[in-house]
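Student: This is entry_2.cif (mmCIF, C-alpha atoms).
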```cif
data_structure
#
loop_
_atom_site.label_atom_id
_atom_site.label_comp_id
_atom_site.auth_asym_id
_atom_site.auth_seq_id
_atom_site.Cartn_x
_atom_site.Cartn_y
_atom_site.Cartn_z
CA MET A 3 -49.77 -6.32 67.38
CA LYS A 4 -50.46 -3.57 64.87
CA ILE A 5 -53.87 -2.46 63.62
CA ARG A 6 -54.37 -0.38 60.48
CA LEU A 7 -56.74 2.49 61.19
CA VAL A 8 -58.71 4.00 58.30
CA ILE A 9 -60.99 7.01 58.60
CA ALA A 10 -63.37 6.97 55.63
CA GLY A 11 -66.40 8.95 54.54
CA ARG A 12 -66.93 12.56 55.58
CA GLY A 13 -63.86 14.43 56.64
CA TYR A 14 -61.35 11.71 55.87
CA ASP A 15 -58.75 14.23 54.78
CA ALA A 16 -59.04 16.15 58.04
CA ALA A 17 -58.63 13.18 60.35
CA GLN A 18 -55.63 13.63 62.64
CA THR A 19 -55.18 10.01 63.61
CA PRO A 20 -52.33 7.55 63.20
CA ASP A 21 -52.47 5.13 60.27
CA VAL A 22 -51.24 2.31 62.49
CA VAL A 23 -52.05 1.66 66.14
CA GLU A 24 -49.87 -0.60 68.29
CA LEU A 25 -51.78 -2.73 70.77
CA SER A 26 -51.13 -5.70 72.99
CA ASP A 27 -52.30 -9.11 71.79
CA GLY A 28 -55.99 -9.74 72.44
CA ALA A 29 -56.87 -6.05 72.27
CA THR A 30 -60.38 -5.16 71.22
CA VAL A 31 -62.01 -2.49 69.08
CA ALA A 32 -62.53 -0.36 72.20
CA ASP A 33 -58.82 -0.63 73.03
CA ALA A 34 -57.91 0.49 69.50
CA LEU A 35 -60.29 3.45 69.67
CA ALA A 36 -58.90 4.48 73.05
CA ALA A 37 -55.34 4.28 71.71
CA ALA A 38 -56.18 6.36 68.66
CA PHE A 39 -58.59 8.90 70.10
CA GLY A 40 -58.21 8.83 73.85
CA PRO A 41 -61.23 8.22 76.04
CA ASP A 42 -63.69 10.14 73.87
CA ALA A 43 -63.86 8.95 70.25
CA ILE A 44 -67.48 10.11 69.97
CA GLY A 45 -66.34 13.60 70.90
CA GLN A 46 -64.22 13.62 67.75
CA LEU A 47 -66.39 11.59 65.37
CA ALA A 48 -70.17 11.44 65.14
CA ALA A 49 -71.94 8.73 67.15
CA SER A 50 -73.42 7.51 63.84
CA THR A 51 -69.92 6.67 62.51
CA LEU A 52 -69.85 3.06 61.34
CA VAL A 53 -67.36 0.71 62.98
CA ILE A 54 -65.98 -1.92 60.62
CA ALA A 55 -63.25 -4.41 61.53
CA ALA A 56 -61.69 -6.73 58.95
CA GLY A 57 -64.60 -6.09 56.60
CA ARG A 58 -67.23 -6.83 59.23
CA HIS A 59 -69.83 -4.25 60.22
CA LEU A 60 -69.94 -4.03 64.01
CA GLY A 61 -72.40 -1.15 64.51
CA THR A 62 -71.86 2.53 65.17
CA LEU A 63 -69.55 4.34 67.56
CA GLY A 64 -72.62 4.83 69.73
CA ASP A 65 -73.32 1.09 69.89
CA TYR A 66 -70.92 -1.50 68.50
CA GLU A 67 -69.90 -5.09 69.12
CA ASN A 68 -66.55 -4.91 70.90
CA VAL A 69 -64.75 -7.83 69.26
CA PRO A 70 -61.07 -8.79 69.64
CA LEU A 71 -58.77 -7.71 66.82
CA VAL A 72 -55.99 -9.66 65.15
CA ASP A 73 -52.60 -8.50 63.97
CA ASP A 74 -52.69 -6.43 60.77
CA ALA A 75 -56.49 -6.12 60.84
CA GLU A 76 -58.02 -3.00 59.34
CA LEU A 77 -60.29 -0.98 61.59
CA MET A 78 -62.37 1.37 59.48
CA LEU A 79 -64.39 4.22 60.89
CA LEU A 80 -66.80 5.38 58.23
CA GLN A 81 -68.47 8.70 58.84
CA PRO A 82 -71.75 8.28 56.93
CA VAL A 83 -72.02 10.06 53.61
CA ALA A 84 -75.13 10.97 51.66
CA GLY A 85 -74.64 13.40 48.80
CA GLY A 86 -77.10 13.87 46.01
CA MET B 7 -94.61 -1.18 19.46
CA SER B 8 -94.24 -4.30 21.59
CA ASP B 9 -96.16 -5.12 24.74
CA LYS B 10 -94.79 -5.02 28.28
CA THR B 11 -92.93 -8.32 28.17
CA SER B 12 -91.96 -8.97 24.56
CA LEU B 13 -89.38 -7.00 22.66
CA SER B 14 -89.62 -5.78 19.09
CA ASN B 15 -86.91 -6.49 16.53
CA ALA B 16 -85.73 -2.91 16.95
CA GLU B 17 -85.37 -3.43 20.68
CA TRP B 18 -83.39 -6.65 20.26
CA GLU B 19 -81.13 -4.77 17.88
CA ARG B 20 -80.72 -1.96 20.43
CA TYR B 21 -79.66 -4.31 23.22
CA ALA B 22 -77.61 -6.76 21.13
CA ARG B 23 -74.30 -5.81 22.80
CA GLN B 24 -75.53 -6.66 26.31
CA ILE B 25 -77.06 -10.06 25.55
CA GLY B 26 -74.87 -13.13 25.61
CA PRO B 27 -72.58 -15.22 27.83
CA ALA B 28 -71.70 -13.53 31.14
CA VAL B 29 -74.07 -10.66 30.43
CA LEU B 30 -77.85 -10.73 30.05
CA SER B 31 -79.92 -13.59 28.69
CA ARG B 32 -82.85 -12.85 26.38
CA GLU B 33 -85.15 -13.73 29.28
CA GLY B 34 -83.22 -11.32 31.48
CA GLN B 35 -83.61 -8.56 28.92
CA ALA B 36 -87.35 -9.24 28.80
CA ARG B 37 -87.47 -9.07 32.61
CA LEU B 38 -85.76 -5.68 32.45
CA LYS B 39 -88.42 -4.46 30.05
CA ALA B 40 -91.14 -5.65 32.42
CA SER B 41 -89.54 -3.78 35.34
CA THR B 42 -90.16 -0.41 36.92
CA VAL B 43 -87.46 1.40 38.91
CA LEU B 44 -87.76 4.51 41.07
CA VAL B 45 -84.66 6.74 41.24
CA THR B 46 -84.65 9.57 43.74
CA ARG B 47 -82.90 11.96 43.47
CA VAL B 48 -81.44 12.23 39.98
CA GLY B 49 -78.39 14.44 40.49
CA GLY B 50 -74.75 13.37 40.71
CA MET B 51 -75.43 9.68 41.33
CA GLY B 52 -79.08 9.24 40.46
CA GLY B 53 -78.56 10.89 37.07
CA PRO B 54 -75.96 8.39 35.84
CA ALA B 55 -77.98 5.58 37.44
CA ALA B 56 -81.16 6.58 35.61
CA GLN B 57 -79.21 7.08 32.40
CA ALA B 58 -77.76 3.56 32.58
CA LEU B 59 -81.14 2.03 33.40
CA VAL B 60 -82.82 3.77 30.48
CA MET B 61 -80.05 2.78 28.09
CA ALA B 62 -80.16 -0.83 29.33
CA GLY B 63 -83.88 -1.08 28.59
CA VAL B 64 -85.64 -1.05 31.97
CA GLY B 65 -89.24 -0.69 30.91
CA ARG B 66 -90.25 2.21 33.13
CA VAL B 67 -88.00 4.58 35.04
CA ILE B 68 -89.57 7.00 37.51
CA ILE B 69 -87.37 9.88 38.60
CA ALA B 70 -88.04 12.20 41.52
CA HIS B 71 -86.16 15.42 42.10
CA GLY B 72 -87.33 18.82 43.30
CA GLY B 73 -86.18 22.32 42.52
CA ALA B 74 -84.62 24.10 39.59
CA MET B 75 -81.14 23.60 38.16
CA ILE B 76 -78.37 25.91 39.32
CA SER B 77 -74.85 26.30 38.00
CA PRO B 78 -73.07 24.37 40.81
CA ASP B 79 -75.14 21.27 39.87
CA LEU B 80 -73.19 20.96 36.64
CA ASN B 81 -69.95 19.69 38.19
CA ARG B 82 -71.67 16.30 38.63
CA GLN B 83 -75.29 16.19 37.39
CA VAL B 84 -74.78 14.58 33.98
CA LEU B 85 -78.43 14.93 32.98
CA GLY B 86 -78.18 18.69 33.33
CA SER B 87 -77.02 21.18 30.75
CA GLU B 88 -76.13 24.84 30.42
CA ALA B 89 -79.48 25.37 28.70
CA GLY B 90 -81.25 23.73 31.61
CA ILE B 91 -80.10 26.19 34.27
CA GLY B 92 -83.20 27.69 35.86
CA ARG B 93 -85.50 24.90 34.64
CA LEU B 94 -87.19 22.33 36.86
CA ARG B 95 -84.69 19.52 37.29
CA ALA B 96 -87.18 16.64 37.03
CA GLU B 97 -88.70 17.92 33.81
CA HIS B 98 -85.33 18.69 32.22
CA PHE B 99 -83.77 15.38 33.29
CA ALA B 100 -86.79 13.40 32.01
CA GLU B 101 -86.47 15.05 28.60
CA ARG B 102 -82.80 14.13 28.46
CA LEU B 103 -83.56 10.52 29.41
CA ARG B 104 -86.31 10.18 26.80
CA GLU B 105 -83.85 11.28 24.14
CA LEU B 106 -81.69 8.27 24.99
CA ASN B 107 -84.17 5.46 24.41
CA ARG B 108 -87.59 5.61 22.78
CA PHE B 109 -88.42 2.13 24.07
CA VAL B 110 -88.43 3.19 27.73
CA ALA B 111 -91.16 5.07 29.58
CA VAL B 112 -89.81 7.86 31.77
CA GLU B 113 -91.99 9.45 34.43
CA SER B 114 -90.95 12.45 36.47
CA VAL B 115 -91.97 13.66 39.91
CA ASP B 116 -90.95 17.29 40.47
CA HIS B 117 -90.53 17.09 44.24
CA GLU B 118 -89.18 14.82 46.94
CA PRO B 119 -91.81 12.21 47.87
CA ASP B 120 -93.28 12.39 51.38
CA ASP B 121 -94.06 9.26 53.39
CA ALA B 122 -97.35 8.46 51.65
CA GLU B 123 -96.00 9.14 48.16
CA ALA B 124 -92.85 7.11 48.82
CA ASP B 125 -95.02 4.19 49.92
CA ALA B 126 -97.20 4.46 46.82
CA LEU B 127 -94.19 4.70 44.49
CA ALA B 128 -92.48 1.76 46.18
CA ARG B 129 -95.55 -0.40 45.61
CA ARG B 130 -95.48 0.47 41.90
CA CYS B 131 -91.78 -0.34 41.51
CA ASP B 132 -89.73 -3.49 41.40
CA LEU B 133 -86.68 -1.77 42.88
CA LEU B 134 -85.71 1.60 44.37
CA ILE B 135 -82.46 3.52 43.99
CA SER B 136 -81.87 6.05 46.76
CA CYS B 137 -79.56 9.00 46.09
CA PRO B 138 -80.84 11.92 48.22
CA PRO B 139 -78.62 14.35 50.11
CA THR B 140 -80.35 13.76 53.44
CA PHE B 141 -80.61 10.68 55.59
CA GLU B 142 -84.17 11.70 56.38
CA GLU B 143 -85.10 10.98 52.75
CA ARG B 144 -82.92 7.86 52.56
CA LEU B 145 -84.49 6.37 55.67
CA ARG B 146 -87.97 7.26 54.34
CA LEU B 147 -87.24 5.36 51.12
CA ASN B 148 -85.91 2.48 53.19
CA ARG B 149 -89.16 2.30 55.18
CA ALA B 150 -91.14 2.38 51.94
CA ALA B 151 -88.98 -0.35 50.37
CA VAL B 152 -89.30 -2.59 53.42
CA ALA B 153 -93.08 -2.07 53.61
CA ALA B 154 -93.44 -2.92 49.93
CA GLY B 155 -90.90 -5.77 50.06
CA LYS B 156 -88.79 -4.27 47.27
CA PRO B 157 -84.98 -4.20 46.98
CA LEU B 158 -83.30 -0.89 47.76
CA ILE B 159 -79.94 0.33 46.49
CA ASP B 160 -78.48 3.23 48.44
CA ALA B 161 -75.79 5.29 46.74
CA ALA B 162 -73.84 7.98 48.58
CA GLN B 163 -70.88 10.24 47.97
CA TRP B 164 -68.55 12.69 49.68
CA GLY B 165 -65.44 14.31 48.32
CA LEU B 166 -63.51 11.74 46.31
CA GLY B 167 -65.25 8.69 47.77
CA GLY B 168 -68.58 7.00 48.07
CA THR B 169 -70.59 4.06 49.34
CA LEU B 170 -73.02 1.66 47.74
CA ILE B 171 -75.40 -0.52 49.75
CA VAL B 172 -77.65 -3.23 48.27
CA LEU B 173 -80.52 -4.39 50.45
CA GLU B 174 -83.41 -6.80 50.19
CA PRO B 175 -86.12 -6.61 52.87
CA GLY B 176 -86.37 -9.66 55.09
CA ARG B 177 -83.20 -11.15 53.67
CA THR B 178 -80.52 -8.60 54.51
CA ALA B 179 -79.97 -5.67 56.82
CA CYS B 180 -82.02 -2.61 55.97
CA LEU B 181 -80.75 0.96 55.98
CA ALA B 182 -82.11 1.50 59.49
CA CYS B 183 -80.01 -1.45 60.68
CA VAL B 184 -76.95 0.37 59.35
CA TYR B 185 -77.98 3.86 60.43
CA PRO B 186 -80.13 3.40 63.57
CA THR B 187 -79.85 7.12 64.27
CA GLU B 188 -80.01 9.71 61.53
CA PRO B 189 -76.48 10.91 60.70
CA PRO B 190 -75.93 14.68 60.44
CA PHE B 191 -76.98 16.52 57.28
CA GLU B 192 -74.37 18.46 55.38
CA GLU B 193 -75.98 20.73 52.81
CA PHE B 194 -72.87 21.97 51.02
CA PHE B 195 -70.90 18.75 50.87
CA PRO B 196 -67.83 18.67 48.65
CA VAL B 197 -67.79 16.21 45.75
CA VAL B 198 -66.03 15.56 42.47
CA GLY B 199 -68.39 14.48 39.69
CA ALA B 200 -66.23 11.53 38.68
CA ILE B 201 -67.02 9.67 41.90
CA SER B 202 -70.72 10.56 41.62
CA SER B 203 -70.91 8.96 38.18
CA ALA B 204 -68.93 5.91 39.28
CA ILE B 205 -71.16 5.19 42.29
CA GLY B 206 -74.33 5.94 40.32
CA SER B 207 -73.29 3.62 37.51
CA LEU B 208 -72.53 0.82 39.96
CA ALA B 209 -75.97 1.33 41.53
CA ALA B 210 -77.51 0.85 38.10
CA LEU B 211 -75.39 -2.24 37.49
CA GLU B 212 -76.62 -3.85 40.70
CA ALA B 213 -80.21 -2.94 39.77
CA ILE B 214 -79.82 -4.50 36.33
CA LYS B 215 -78.38 -7.68 37.88
CA ILE B 216 -81.22 -8.00 40.38
CA LEU B 217 -83.99 -7.26 37.90
CA SER B 218 -82.66 -9.44 35.09
CA GLY B 219 -81.44 -12.31 37.28
CA THR B 220 -77.88 -11.90 36.06
CA GLY B 221 -74.72 -12.44 38.08
CA VAL B 222 -74.45 -12.25 41.86
CA PRO B 223 -75.92 -9.08 43.37
CA MET B 224 -74.01 -7.68 46.34
CA LEU B 225 -77.00 -8.18 48.65
CA GLY B 226 -76.36 -7.26 52.26
CA LYS B 227 -73.04 -5.66 51.47
CA MET B 228 -71.64 -2.17 51.35
CA LEU B 229 -68.98 -1.13 48.88
CA VAL B 230 -66.83 1.63 50.29
CA TYR B 231 -64.71 3.35 47.69
CA ASP B 232 -62.07 5.46 49.40
CA GLY B 233 -61.18 7.63 46.44
CA PHE B 234 -58.72 9.65 48.50
CA ARG B 235 -56.50 6.56 48.78
CA GLY B 236 -57.85 4.74 45.71
CA VAL B 237 -58.87 1.74 47.82
CA PRO B 238 -62.14 -0.22 47.56
CA SER B 239 -63.50 -2.24 50.50
CA VAL B 240 -66.49 -4.54 50.80
CA VAL B 241 -68.28 -4.72 54.13
CA GLU B 242 -70.69 -7.42 55.26
CA LEU B 243 -73.61 -5.59 56.86
CA ARG B 244 -75.19 -7.06 59.96
CA ARG B 245 -78.92 -7.18 60.40
CA ASN B 246 -80.35 -5.81 63.63
CA PRO B 247 -82.82 -8.42 64.93
CA ASN B 248 -84.58 -5.66 66.87
CA CYS B 249 -84.68 -3.18 63.98
CA PRO B 250 -87.91 -1.16 64.25
CA VAL B 251 -88.18 -1.08 60.46
CA CYS B 252 -87.27 -4.55 59.20
CA ALA B 253 -87.30 -6.98 62.14
CA ASN B 254 -90.65 -8.38 61.02
CA ALA B 255 -90.06 -8.11 57.28
CA LEU B 256 -90.71 -11.28 55.33
CA ASP B 257 -88.03 -12.82 53.12
CA ARG B 258 -90.13 -12.73 49.96
CA SER B 259 -87.37 -14.24 47.86
CA ALA B 260 -87.46 -17.36 50.04
CA ALA B 261 -91.23 -17.48 49.74
CA GLY B 262 -90.98 -17.16 45.98
CA LYS B 263 -93.06 -13.99 45.94
CA GLY B 264 -90.38 -11.40 45.58
CA GLY B 265 -90.02 -8.74 42.96
CA THR B 266 -86.65 -10.21 42.12
CA PRO B 267 -86.40 -13.14 39.75
#
```
What does this structure look like when you write it as structure tokens?
Tutor:
Amino acid sequence: MKIRLVIAGRGYDAAQTPDVVELSDGATVADALAAAFGPDAIGQLAASTLVIAAGRHLGTLGDYENVPLVDDAELMLLQPVAGG
Amino acid sequence: MSDKTSLSNAEWERYARQIGPAVLSREGQARLKASTVLVTRVGGMGGPAAQALVMAGVGRVIIAHGGAMISPDLNRQVLGSEAGIGRLRAEHFAERLRELNRFVAVESVDHEPDDAEADALARRCDLLISCPPTFEERLRLNRAAVAAGKPLIDAAQWGLGGTLIVLEPGRTACLACVYPTEPPFEEFFPVVGAISSAIGSLAALEAIKILSGTGVPMLGKMLVYDGFRGVPSVVELRRNPNCPVCANALDRSAAGKGGTP
């Protein structure tokens, strides 16, 4: 199956990740992160980055619910923004 | 001059275009007049938010923002002006807001509230809008909102995009549920003023809905506007049952005691 990967928030334009990740059926969020980033996603994005799958907030990269993904789901990694 | 809850003929005339089917009821407009909102800070997002609240007829708008205006503020801070460079932001912004609507009371605080002041301001308000550049301040306002049982709208921006979160203590996630650890601070973040105004205006719209009892507020949700791609997303935020800030917060809306109608 294919998962759409979106990097949003801080640094979105600098993200060097694929837009689509190919995974075997039944793959989870952790599998998608490993396919896109290798074994160390937190090394490339902040631990406070929000993990959002199919519009559902799962936690942060430091602590998220590792749910199964479905074909064509969007996995969004939102690096928190503040501004002012 | 009318009292806190009734509107004068001049006020009804002022708000005529926003009262009717699918917008505000007369009762909703009166509720707006009886409301107090805290906006901190009042720059790229808080400025347009405060402007929209004042123009809509929220009875009292309290703005908090420290420091003096500098030239780089003017790519996004709509309450600023060339003449205001070097002046205290809070004072200058309050003057600009008062020029917009004589029926609204505008108070200014010329610094960022500390814990005690945030708590005191939250108790005085019916709703808080959080627009600071640091998560330290945002999480402080969140704690104050939860302690006071008042809705909090958190507006944020970066580059061409932004996020908007609408929270109600005891009923939805709080900001500490979403950001259990403080994300890094970026002092010189890039931003285009158009997204600041858009997110700030949407924050005001959600505030007006909550305070007036109009429409369906996006409680417990986060709007992510990816301006780089031009794609909006809505995220359902999960509440952390062990959240150190809100786990024991009461759902005041369910108890019929909330600040929201």
Student: Translate the PyMOL selection byres ((chain A and resi 19) around 12), as applied to the file shown, into an explicit residue set as a VMD selection string.
Tutor: chain A and resid 6 to 10 13 to 18 20 to 23 34 to 40 43 46 to 47 78 to 79
Student: Within 9 Å of range 10-21 of chain B, counting all atoms listed in the file, which residues show up once you throw out same-chain ones fewer than 6 positions away? Write them as an MDAnalysis selection string, please.
Tutor: chainID B and resid 32 35:41 61:63 65 109
Student: Carefully work through the PyMOL selection byres ((chain A) within 12 of (chain B)) for this structure and note down the residues it includes, as a ChimeraX atom specification.
Tutor: /A:8-16,47-67,76-86
Student: I'd like to see the residues matched by the PyMOL selection byres ((chain B and resi 178) around 9) on this file, and ideally I'd get them as a list in words.
Tutor: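 With the PyMOL selection byres ((chain B and resi 178) around 9) on this model, the match is Val172, Leu173, Glu174, Pro175, Gly176, Arg177, Ala179, Cys180, Leu225, Gly226, Lys227, Leu243, Arg244, Arg245 and Asp257 of chain B.
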Student: Have a look at CA of Ile159 in chain B and CA of Val45 in chain B and let me know their distance in Å, one decimal.
Tutor: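 CA of Val45 in chain B lies 9.5 Å from CA of Ile159 in chain B.
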Student: Please compute the CA of Ile68 in chain B-CA of Thr42 in chain B distance, one decimal, in Å.
Tutor: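 These atoms are spaced 7.5 Å apart.
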Student: If I wrap all listed atoms of range 57-65 of chain A in a box with edges along x, y and z and add 4 Å on each side, what are its centre and edge lengths in Å to one decimal, as AutoDock Vina command-line options?
Tutor:
```
--center_x -69.0 --center_y -1.0 --center_z 63.2 --size_x 16.7 --size_y 19.7 --size_z 21.3
```
Student: Which neighbours of Ala122 in chain B fall inside 10 Å, counting only C-alpha atoms, when residues of the same chain fewer than 4 positions from it are skipped, and could you give them as a list of chain:residue names?
Tutor: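 In the requested format, the answer is B:Ala126, B:Leu127, B:Ala128, B:Arg146, B:Ala150.
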Student: To one decimal in Å, tell me the separation between CA of Pro250 in chain B and CA of Ile135 in chain B.
Tutor: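 CA of Pro250 in chain B sits 21.5 Å away from CA of Ile135 in chain B.
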Student: Leaving out range 99-102 of chain B and any residue of its chain fewer than 6 positions from it, which residues lie within 10 Å of it when counting only C-alpha atoms, given as JSON, numbers by chain?
Tutor: {"B": [48, 49, 53, 56, 57, 67, 68, 69, 70, 71, 75, 83, 84, 85, 86, 87, 90, 93, 111, 112, 113, 114, 115]}
Student: For the selection just defined, write its residues with C-alpha atoms to a file, as a compact mmCIF listing (two decimals), in the coordinates of the input.
Tutor:
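Everything below was put into part_9.txt:
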```txt
# COMPACT_ATOMS: atom_id res chain seq x y z
CA VAL B 48 -81.44 12.23 39.98
CA GLY B 49 -78.39 14.44 40.49
CA GLY B 53 -78.56 10.89 37.07
CA ALA B 56 -81.16 6.58 35.61
CA GLN B 57 -79.21 7.08 32.40
CA VAL B 67 -88.00 4.58 35.04
CA ILE B 68 -89.57 7.00 37.51
CA ILE B 69 -87.37 9.88 38.60
CA ALA B 70 -88.04 12.20 41.52
CA HIS B 71 -86.16 15.42 42.10
CA MET B 75 -81.14 23.60 38.16
CA GLN B 83 -75.29 16.19 37.39
CA VAL B 84 -74.78 14.58 33.98
CA LEU B 85 -78.43 14.93 32.98
CA GLY B 86 -78.18 18.69 33.33
CA SER B 87 -77.02 21.18 30.75
CA GLY B 90 -81.25 23.73 31.61
CA ARG B 93 -85.50 24.90 34.64
CA ALA B 111 -91.16 5.07 29.58
CA VAL B 112 -89.81 7.86 31.77
CA GLU B 113 -91.99 9.45 34.43
CA SER B 114 -90.95 12.45 36.47
CA VAL B 115 -91.97 13.66 39.91
```
Student: With all atoms listed in the file as the counted atoms, please give the residues lying no more than 6 Å from Ala75 in chain A, apart from itself and same-chain residues fewer than 2 positions off, as an mmCIF file with C-alpha atoms, in the frame of the given file.
Tutor:
```cif
data_model
loop_
_atom_site.group_PDB
_atom_site.id
_atom_site.type_symbol
_atom_site.label_atom_id
_atom_site.label_comp_id
_atom_site.auth_asym_id
_atom_site.auth_seq_id
_atom_site.Cartn_x
_atom_site.Cartn_y
_atom_site.Cartn_z
ATOM 1 C CA ILE A 5 -53.870 -2.460 63.620
ATOM 2 C CA ALA A 56 -61.690 -6.730 58.950
ATOM 3 C CA VAL A 72 -55.990 -9.660 65.150
ATOM 4 C CA ASP A 73 -52.600 -8.500 63.970
#
```
